[in-house]
Amino acid sequence: MLFNVANAQSLFIVSSPDGNLQVQLSEVGEAVNYQVFWNGEAIVNSSEISILPGTASKIQGSTTSTKNETWKPVWGQFSEITDHYNELTLDIALGEASAKLIARVYDHGLGFRYELMGLKAGAEANLYCEYNLDGNDSLYFPSGENPPVGPLAINELAASDETPKLRMPIVVETKKPYLSILESDLFSAPAFDVISLSYDQNRSAIVSSNTAQVAEEKLISPWRVILVNEQIGDLVTNTVTLNLAAPNQIEDPSWIKPGKTMWDWRVHGYTAPDGFTYGINTESYMRFIDFAADMGIEYFLIDDSWYKKVTPANFELSEKLDLQKVIDYAAEKDVELMLYYDRRHGEYGDEELFEYYKSLGMKGIKYGFMGQNVPFSRDAIASSAKSQLLIDFHDSPVPFTGIERTYANAITKEYCHAQQDSRKAFTPETFIKMALINAIQGPLDMNNGNFDLSGINRGDREKGPKITDSYVSTVVSEAARTLIIHSGLVCIPDAPEEYLEKADLFEFIQKQPVGKWDESMILDAKMGEYITTARRQGDSWFIGSVHDQQGGTLDIALDFLQPGKEYQVTYYEDTDETHGKTNPEAYQVRSGEVKKGDIVHAKMAPGGGHCMWIRAVE
């Protein structure tokens with residue numbers, strides 16, 4: 001809608017389809033400002049947004065549109081996603097240049113994108129956006145291999161001489177609702193780097209600012225995104241960033257299969273009950289493959305050290321391993337293989353790398369230490385797709401929020417603090433925070449699902465913790481975490497023998513249809529304290545809960561079940577004796593029947609968890 005206000009300036013308003021979320025844009029001085037309202041109350045105060053800061057912006061006109069369609073992702077938390085929004089496009093004069101500012105508003109979020117025209121190649125643009133929040137709002141955000149930061153009030157930032165590095169996604173806790181500040185579809189904006197966030201003391205606001213060199217006649221920016229939900233857990237299943245991402249670019253994605261993978265790296269040095277010690281060798285890898293084949297685990301990931309040195313177009317393989325024998329054995333057992341690679345031992349050549357992996361019969365690549373190099377990472381995603389390879393990014397990569405829609409072979413990424421890394425930070429509380437912060441930007445490779453907690457804490461592994469007795473968790477919590485953290489590739493990091501020893505508990509992991517979910521929801525969550533996640537495929541539900549080191553009981557209402565249906569449930573639970581520090585491997589498995597409306601009292605030990613597998617009785 002277009003309004004003429006008292007001072008004769010123009011106010012442009014676009015609301016969400018349900019009318020609860022509203023964005024107002026207007027000229028303030030020589031800049032374009034926006035405000036965001038939720039149920040009539042401001043949640044983002046007047047904030048500047050521009051593509052050429054310092055250049056006078058003049059709104060020349062506007063158009064509006066609406067869309068209400070559904071689309072099917074290749075894999076994900078949902079089998080079908082509704083793309084329903086109202087959109088306002090402003091035509092803006094910027095000196096000799098011009099731009100379109102697109103404001104797209106959904107029921108639970110919004111996105112801003114610029115299209116800039118008329119600048120000469122080599123000119124510089126700057127996507128600038130302020131987020132003017134209330135001083136009492138609190139922030140949470142990732143902090144690499146340290147625990148996420150927060151709660152940190154805006155007023156604390158304003159009063160501090162030193163501010164921590166802000167990283168996306170930022171979670172904002174207001175009086176009501178919750179917000180998340182991030183971006184989407186960076187892949188489609190090759191001139192731009194990852195969103196750069198900071199607190200501007202002069203503006204008293206969070207700002208994002210990214211420069212870009214103009215290379216073509218039209219410059220397209222990423223989407224600057226604000227998610228809005230009443231419950232904090234709903235930010236994790238919010239589909240706005242996926243809807244804003246470019247549609248699937250792979251002509252035939254049928255080769256892309258989400259699933260679970262065994263992984264060798266954290267098992268090195270483990271001695272099995274029969275006396276065999278795992279390492280980088282053919283027999284170890286054949287054991288992994290045997291277990292994967294027997295249990296229906298789709299993949300086996302071989303990590304670093306399968307090669308010693310790399311030169312252009314050549315890998316010098318480890319003499320400990322007969323790689324071809326492992327490849328042949330995996331093919332015989334119908335288990336797909338993935339191989340790790342990074343450039344610390346030399347560069348093979350990226351143009352040839354992915355075709356080489358394909359020639360080996362690999363299904364995917366785990367690419368390490370790519371860092372925040374956006375062009376390099378973008379090329380790796382596209383090149384791996386061309387060679388029909390899945391790609392898993394290791395070690396704080398470019399987030400590329402929404403990329404799993406555009407290039408579904410980007411199956412997961414370690415945009416988090418992974419299990420057994422930097423143990424000082426990995427606590428039950430940190431896990432819950434990452435599940436409610438880092439996971440908003442997309443799938444995570446966190447390596448949950450350790451069952452030999454006592455052995456790991458003793459220091460029995462070559463790649464285990466440097467500080468013994470520092471891993472606080474329970475085996476039921478570990479099982480629950482594999483469900484809570486969404487990923488297209490769930491990497492389970494323990495030895496086959498440990499899963500076989502607890503086969504009744506491993507069933508919860510084994511039966512999960514990873515990445516093939518029809519529906520996902522966070523039933524209950526509180527930052528740093530607890531979270532309960534439910535995912536459905538067909539008439540089957542998988543529900544996982546974890547608690548902080550205080551432990552506690554969560555009442556889980558089964559209101560999501562179908563009325564009139566009978567359901568069988570398997571409970572995977574901590575016992576009265578279980579404790580995340582002193583008795584982490586005690587658990588029980590029992591069966592029962594449930595129906596819609598029942599309430600399950602999920603009791604969890606300190607650092608513990610609770611799992612349910614519910615399926616309709618035929």
# chains A, B, ... in the order shown; residues from 1 in each chain; ligands from 1
call {"tool": "select_by_dssp", "arguments": {"residues": "range 63-125 of chain A", "states": "strand (DSSP E or B)", "output": "MDAnalysis selection string"}}
result
chainID A and resid 63:71 76 81:94 97:106 109:117 124:125
call {"tool": "write_last_selection", "arguments": {"atoms": "N, CA and C atoms", "output": "compact mmCIF listing (two decimals), in the first residue's frame"}}
result
# COMPACT_ATOMS: atom_id res chain seq x y z
N THR A 63 6.12 -1.07 -6.85
CA THR A 63 5.21 -2.10 -7.33
C THR A 63 5.04 -3.13 -6.22
N THR A 64 3.92 -3.82 -6.25
CA THR A 64 3.67 -4.86 -5.26
C THR A 64 3.28 -6.15 -5.97
N SER A 65 3.52 -7.26 -5.28
CA SER A 65 3.13 -8.56 -5.83
C SER A 65 2.94 -9.53 -4.67
N THR A 66 2.36 -10.66 -4.96
CA THR A 66 2.17 -11.70 -3.96
C THR A 66 2.38 -13.06 -4.61
N LYS A 67 2.73 -14.04 -3.78
CA LYS A 67 2.97 -15.39 -4.29
C LYS A 67 2.53 -16.38 -3.23
N ASN A 68 1.93 -17.47 -3.67
CA ASN A 68 1.53 -18.55 -2.78
C ASN A 68 1.66 -19.86 -3.53
N GLU A 69 2.82 -20.49 -3.40
CA GLU A 69 3.09 -21.75 -4.08
C GLU A 69 3.75 -22.71 -3.11
N THR A 70 3.86 -23.96 -3.52
CA THR A 70 4.62 -24.95 -2.74
C THR A 70 5.69 -25.56 -3.63
N TRP A 71 6.76 -26.02 -3.00
CA TRP A 71 7.84 -26.68 -3.74
C TRP A 71 8.39 -27.81 -2.88
N GLY A 76 15.57 -32.71 3.28
CA GLY A 76 15.51 -31.67 4.29
C GLY A 76 14.61 -32.01 5.46
N ILE A 81 7.39 -27.42 1.06
CA ILE A 81 7.52 -26.12 1.71
C ILE A 81 6.62 -25.12 1.00
N THR A 82 5.88 -24.37 1.77
CA THR A 82 5.01 -23.32 1.23
C THR A 82 5.80 -22.02 1.09
N ASP A 83 5.72 -21.43 -0.09
CA ASP A 83 6.39 -20.15 -0.38
C ASP A 83 5.30 -19.10 -0.55
N HIS A 84 4.91 -18.47 0.55
CA HIS A 84 3.79 -17.53 0.54
C HIS A 84 4.26 -16.20 1.10
N TYR A 85 4.24 -15.17 0.28
CA TYR A 85 4.72 -13.86 0.72
C TYR A 85 4.02 -12.73 -0.03
N ASN A 86 4.15 -11.54 0.54
CA ASN A 86 3.82 -10.30 -0.15
C ASN A 86 5.12 -9.54 -0.37
N GLU A 87 5.22 -8.87 -1.52
CA GLU A 87 6.48 -8.22 -1.89
C GLU A 87 6.24 -6.79 -2.35
N LEU A 88 7.13 -5.93 -1.89
CA LEU A 88 7.15 -4.53 -2.32
C LEU A 88 8.49 -4.26 -2.98
N THR A 89 8.48 -3.68 -4.16
CA THR A 89 9.71 -3.30 -4.85
C THR A 89 9.72 -1.78 -5.03
N LEU A 90 10.76 -1.15 -4.51
CA LEU A 90 10.93 0.30 -4.66
C LEU A 90 11.94 0.59 -5.75
N ASP A 91 11.59 1.50 -6.65
CA ASP A 91 12.53 2.00 -7.66
C ASP A 91 13.23 3.22 -7.07
N ILE A 92 14.58 3.17 -7.01
CA ILE A 92 15.34 4.19 -6.30
C ILE A 92 16.37 4.81 -7.24
N ALA A 93 16.40 6.11 -7.28
CA ALA A 93 17.43 6.84 -8.02
C ALA A 93 18.62 7.06 -7.10
N LEU A 94 19.83 6.75 -7.63
CA LEU A 94 21.07 6.89 -6.86
C LEU A 94 22.08 7.65 -7.71
N ALA A 97 23.24 6.22 -11.03
CA ALA A 97 22.83 4.82 -10.97
C ALA A 97 21.37 4.72 -10.52
N SER A 98 20.86 3.52 -10.58
CA SER A 98 19.51 3.27 -10.09
C SER A 98 19.49 1.89 -9.43
N ALA A 99 18.47 1.65 -8.62
CA ALA A 99 18.39 0.37 -7.92
C ALA A 99 16.94 0.01 -7.68
N LYS A 100 16.74 -1.27 -7.51
CA LYS A 100 15.48 -1.79 -7.02
C LYS A 100 15.73 -2.36 -5.63
N LEU A 101 14.96 -1.94 -4.65
CA LEU A 101 15.02 -2.51 -3.32
C LEU A 101 13.78 -3.38 -3.14
N ILE A 102 14.02 -4.67 -2.97
CA ILE A 102 12.92 -5.64 -2.84
C ILE A 102 12.74 -5.97 -1.36
N ALA A 103 11.53 -5.81 -0.87
CA ALA A 103 11.17 -6.20 0.49
C ALA A 103 10.14 -7.32 0.40
N ARG A 104 10.53 -8.51 0.80
CA ARG A 104 9.67 -9.69 0.70
C ARG A 104 9.30 -10.11 2.11
N VAL A 105 8.00 -10.20 2.41
CA VAL A 105 7.55 -10.42 3.78
C VAL A 105 6.70 -11.69 3.87
N TYR A 106 7.15 -12.59 4.73
CA TYR A 106 6.45 -13.84 5.03
C TYR A 106 5.77 -13.71 6.40
N GLY A 109 8.97 -13.89 8.82
CA GLY A 109 10.27 -13.34 8.47
C GLY A 109 10.20 -12.47 7.24
N LEU A 110 11.33 -11.84 6.94
CA LEU A 110 11.38 -10.92 5.81
C LEU A 110 12.80 -10.90 5.24
N GLY A 111 12.89 -10.48 4.01
CA GLY A 111 14.18 -10.34 3.35
C GLY A 111 14.23 -9.07 2.53
N PHE A 112 15.43 -8.44 2.52
CA PHE A 112 15.70 -7.28 1.67
C PHE A 112 16.78 -7.66 0.67
N ARG A 113 16.58 -7.29 -0.57
CA ARG A 113 17.61 -7.51 -1.60
C ARG A 113 17.66 -6.30 -2.53
N TYR A 114 18.87 -5.92 -2.90
CA TYR A 114 19.07 -4.84 -3.87
C TYR A 114 19.46 -5.41 -5.23
N GLU A 115 18.95 -4.76 -6.28
CA GLU A 115 19.45 -4.94 -7.64
C GLU A 115 19.93 -3.57 -8.09
N LEU A 116 21.23 -3.45 -8.36
CA LEU A 116 21.85 -2.16 -8.67
C LEU A 116 22.22 -2.11 -10.15
N MET A 117 21.85 -1.03 -10.81
CA MET A 117 22.15 -0.85 -12.23
C MET A 117 22.80 0.51 -12.47
N GLU A 124 32.63 0.48 -6.89
CA GLU A 124 32.42 -0.23 -5.63
C GLU A 124 31.04 0.08 -5.06
N ALA A 125 30.34 -0.99 -4.66
CA ALA A 125 29.07 -0.85 -3.97
C ALA A 125 29.25 -1.35 -2.53
call {"tool": "closest_atom_pairs", "arguments": {"of": "range 462-572 of chain A", "to": "range 287-304 of chain A", "cutoff": "12 Å", "atoms": "only C-alpha atoms", "output": "tab-separated table"}}
result
residue	atom	partner	partner_atom	distance
A:Lys463	CA	A:Asp304	CA	11.8
A:Gly488	CA	A:Glu298	CA	11.8
A:Leu489	CA	A:Tyr299	CA	8.8
A:Val490	CA	A:Tyr299	CA	9.7
A:Cys491	CA	A:Leu301	CA	8.3
A:Ile492	CA	A:Phe300	CA	9.8
A:Pro493	CA	A:Leu301	CA	9.9
A:Asp494	CA	A:Phe288	CA	10.1
A:Ala495	CA	A:Phe288	CA	7.9
A:Pro496	CA	A:Phe291	CA	6.1
A:Glu497	CA	A:Phe291	CA	8.7
A:Glu498	CA	A:Phe291	CA	11.1
A:Tyr499	CA	A:Phe291	CA	9.4
A:Leu500	CA	A:Phe291	CA	8.9
A:Ala503	CA	A:Met295	CA	10.0
A:Phe506	CA	A:Met295	CA	9.8
A:Glu507	CA	A:Met295	CA	9.3
A:Phe508	CA	A:Met295	CA	12.0
A:Ile509	CA	A:Ile297	CA	9.9
A:Gln510	CA	A:Met295	CA	6.9
A:Lys511	CA	A:Gly296	CA	8.9
A:Gln512	CA	A:Ile297	CA	10.4
A:Pro513	CA	A:Ile297	CA	10.6
A:Val514	CA	A:Glu298	CA	10.3
call {"tool": "closest_residue", "arguments": {"among": "A:Thr261, A:Ser359, A:Gln231, A:Thr427", "to": "Leu523 in chain A", "atoms": "only C-alpha atoms"}}
result
A:Gln231
call {"tool": "closest_residue", "arguments": {"among": "A:Gly135, A:Gly551, A:Gly564, A:Gly607", "to": "Val475 in chain A", "atoms": "only C-alpha atoms"}}
result
A:Gly607
call {"tool": "select_by_dssp", "arguments": {"residues": "range 417-536 of chain A", "states": "helix (DSSP H, G or I)", "output": "ChimeraX atom specification"}}
result
/A:423-425,428-436,438-441,453-458,475-484,496-501,503-510
call {"tool": "write_last_selection", "arguments": {"atoms": "C-alpha atoms", "output": "compact mmCIF listing (two decimals), in the first residue's frame"}}
result
# COMPACT_ATOMS: atom_id res chain seq x y z
CA ARG A 423 36.52 -29.82 24.81
CA LYS A 424 36.65 -26.77 27.08
CA ALA A 425 33.63 -25.52 25.16
CA PRO A 428 25.48 -29.96 27.45
CA GLU A 429 24.68 -26.26 27.78
CA THR A 430 26.82 -25.37 24.76
CA PHE A 431 25.21 -28.11 22.69
CA ILE A 432 21.73 -26.74 23.43
CA LYS A 433 22.85 -23.21 22.57
CA MET A 434 24.31 -24.33 19.23
CA ALA A 435 21.13 -26.29 18.49
CA LEU A 436 19.21 -23.02 18.91
CA ASN A 438 24.14 -22.18 14.79
CA ALA A 439 21.47 -24.53 13.44
CA ILE A 440 19.31 -21.61 12.24
CA GLN A 441 21.66 -21.07 9.28
CA LEU A 453 31.79 -42.29 26.76
CA SER A 454 33.78 -43.95 29.54
CA GLY A 455 36.57 -45.00 27.19
CA ILE A 456 36.74 -41.61 25.51
CA ASN A 457 36.91 -39.90 28.90
CA ARG A 458 39.76 -42.22 29.94
CA VAL A 475 24.51 -42.36 25.74
CA VAL A 476 20.80 -41.50 25.48
CA SER A 477 21.68 -37.82 25.12
CA GLU A 478 24.13 -38.79 22.37
CA ALA A 479 21.39 -40.67 20.51
CA ALA A 480 18.99 -37.73 20.89
CA ARG A 481 21.56 -35.28 19.55
CA THR A 482 21.73 -37.14 16.21
CA LEU A 483 18.07 -36.21 15.70
CA ILE A 484 18.07 -32.73 17.21
CA PRO A 496 31.13 -50.42 15.39
CA GLU A 497 31.67 -52.61 18.45
CA GLU A 498 30.33 -49.90 20.76
CA TYR A 499 27.14 -49.60 18.73
CA LEU A 500 26.73 -53.38 18.63
CA GLU A 501 27.14 -53.58 22.41
CA ALA A 503 22.28 -52.30 19.74
CA ASP A 504 18.89 -51.71 21.38
CA LEU A 505 19.77 -48.04 21.88
CA PHE A 506 21.52 -47.74 18.51
CA GLU A 507 18.18 -48.68 16.96
CA PHE A 508 17.02 -45.07 17.49
CA ILE A 509 19.86 -43.82 15.28
CA GLN A 510 19.69 -46.69 12.82
call {"tool": "residues_around", "arguments": {"residues": "Tyr357 in chain A", "least_positions_apart": "2", "cutoff": "10 Å", "atoms": "only C-alpha atoms", "output": "VMD selection string"}}
result
chain A and resid 338 to 339 352 to 355 359 to 365 384 387 to 389
call {"tool": "residues_around", "arguments": {"residues": "Arg461 in chain A", "least_positions_apart": "3", "cutoff": "9 Å", "atoms": "only C-alpha atoms", "output": "list in words"}}
result
Arg266, Val267, His268, Gly269, Tyr270, Thr271, Gly455, Ile456, Arg458, Gly464 and Pro465 of chain A
call {"tool": "write_last_selection", "arguments": {"atoms": "N, CA, C and O atoms", "output": "mmCIF file, in the first residue's frame"}}
result
data_model
loop_
_atom_site.group_PDB
_atom_site.id
_atom_site.type_symbol
_atom_site.label_atom_id
_atom_site.label_comp_id
_atom_site.auth_asym_id
_atom_site.auth_seq_id
_atom_site.Cartn_x
_atom_site.Cartn_y
_atom_site.Cartn_z
ATOM 1 N N ARG A 266 37.773 -40.460 14.843
ATOM 2 C CA ARG A 266 37.742 -40.492 16.304
ATOM 3 C C ARG A 266 37.870 -41.907 16.871
ATOM 4 O O ARG A 266 37.886 -42.074 18.091
ATOM 5 N N VAL A 267 37.965 -42.901 16.010
ATOM 6 C CA VAL A 267 38.066 -44.291 16.475
ATOM 7 C C VAL A 267 39.517 -44.761 16.519
ATOM 8 O O VAL A 267 39.831 -45.780 17.154
ATOM 9 N N HIS A 268 40.429 -44.039 15.891
ATOM 10 C CA HIS A 268 41.836 -44.446 15.882
ATOM 11 C C HIS A 268 42.329 -44.674 17.310
ATOM 12 O O HIS A 268 42.173 -43.815 18.178
ATOM 13 N N GLY A 269 42.943 -45.826 17.539
ATOM 14 C CA GLY A 269 43.461 -46.155 18.863
ATOM 15 C C GLY A 269 42.495 -46.951 19.722
ATOM 16 O O GLY A 269 42.882 -47.437 20.790
ATOM 17 N N TYR A 270 41.253 -47.107 19.269
ATOM 18 C CA TYR A 270 40.279 -47.892 20.019
ATOM 19 C C TYR A 270 40.575 -49.383 19.864
ATOM 20 O O TYR A 270 40.812 -49.872 18.759
ATOM 21 N N THR A 271 40.565 -50.105 20.987
ATOM 22 C CA THR A 271 40.783 -51.546 20.972
ATOM 23 C C THR A 271 39.461 -52.258 21.201
ATOM 24 O O THR A 271 38.799 -52.053 22.233
ATOM 25 N N GLY A 455 35.274 -44.821 27.830
ATOM 26 C CA GLY A 455 36.572 -45.003 27.189
ATOM 27 C C GLY A 455 37.145 -43.709 26.646
ATOM 28 O O GLY A 455 38.348 -43.434 26.776
ATOM 29 N N ILE A 456 36.287 -42.896 26.037
ATOM 30 C CA ILE A 456 36.738 -41.607 25.510
ATOM 31 C C ILE A 456 37.242 -40.727 26.651
ATOM 32 O O ILE A 456 38.275 -40.077 26.538
ATOM 33 N N ARG A 458 38.500 -41.688 29.407
ATOM 34 C CA ARG A 458 39.765 -42.216 29.936
ATOM 35 C C ARG A 458 40.942 -41.814 29.066
ATOM 36 O O ARG A 458 42.097 -41.943 29.469
ATOM 37 N N GLY A 464 41.112 -38.409 20.826
ATOM 38 C CA GLY A 464 40.155 -38.077 21.864
ATOM 39 C C GLY A 464 40.547 -36.807 22.586
ATOM 40 O O GLY A 464 41.460 -36.090 22.171
ATOM 41 N N PRO A 465 39.895 -36.521 23.719
ATOM 42 C CA PRO A 465 40.165 -35.266 24.430
ATOM 43 C C PRO A 465 41.532 -35.259 25.081
ATOM 44 O O PRO A 465 42.024 -36.280 25.565
#
call {"tool": "residues_around", "arguments": {"residues": "Lys565 in chain A", "least_positions_apart": "4", "cutoff": "9 Å", "atoms": "only C-alpha atoms", "output": "ChimeraX atom specification"}}
result
/A:561,595-596,616-617
call {"tool": "closest_residue", "arguments": {"among": "A:Pro147, A:Ser305, A:Leu186, A:Leu52", "to": "Thr211 in chain A", "atoms": "only C-alpha atoms"}}
result
A:Leu52
call {"tool": "residues_around", "arguments": {"residues": "range 220-230 of chain A", "least_positions_apart": "5", "cutoff": "9 Å", "atoms": "only C-alpha atoms", "output": "PyMOL selection string"}}
result
chain A and resi 21+38+51+107-116+127+129+176-192+195+208+212+235+238+240-241+244-245
call {"tool": "closest_residue", "arguments": {"among": "A:Ala602, A:Pro151, A:Leu166, A:Lys175", "to": "Asp200 in chain A", "atoms": "only C-alpha atoms"}}
result
A:Leu166
call {"tool": "residues_around", "arguments": {"residues": "Val149 in chain A", "least_positions_apart": "6", "cutoff": "12 Å", "atoms": "only C-alpha atoms", "output": "list in words"}}
result
Ser138, Leu139, Tyr140, Phe141, Pro142, Ser143, Thr163, Pro164, Lys165, Leu166, Arg167, Met168, Pro169, Ile170, Val171, Val172, Ala425, Thr430, Lys433, Met434, Ile437, Asn438, Met527 and Gly528 of chain A
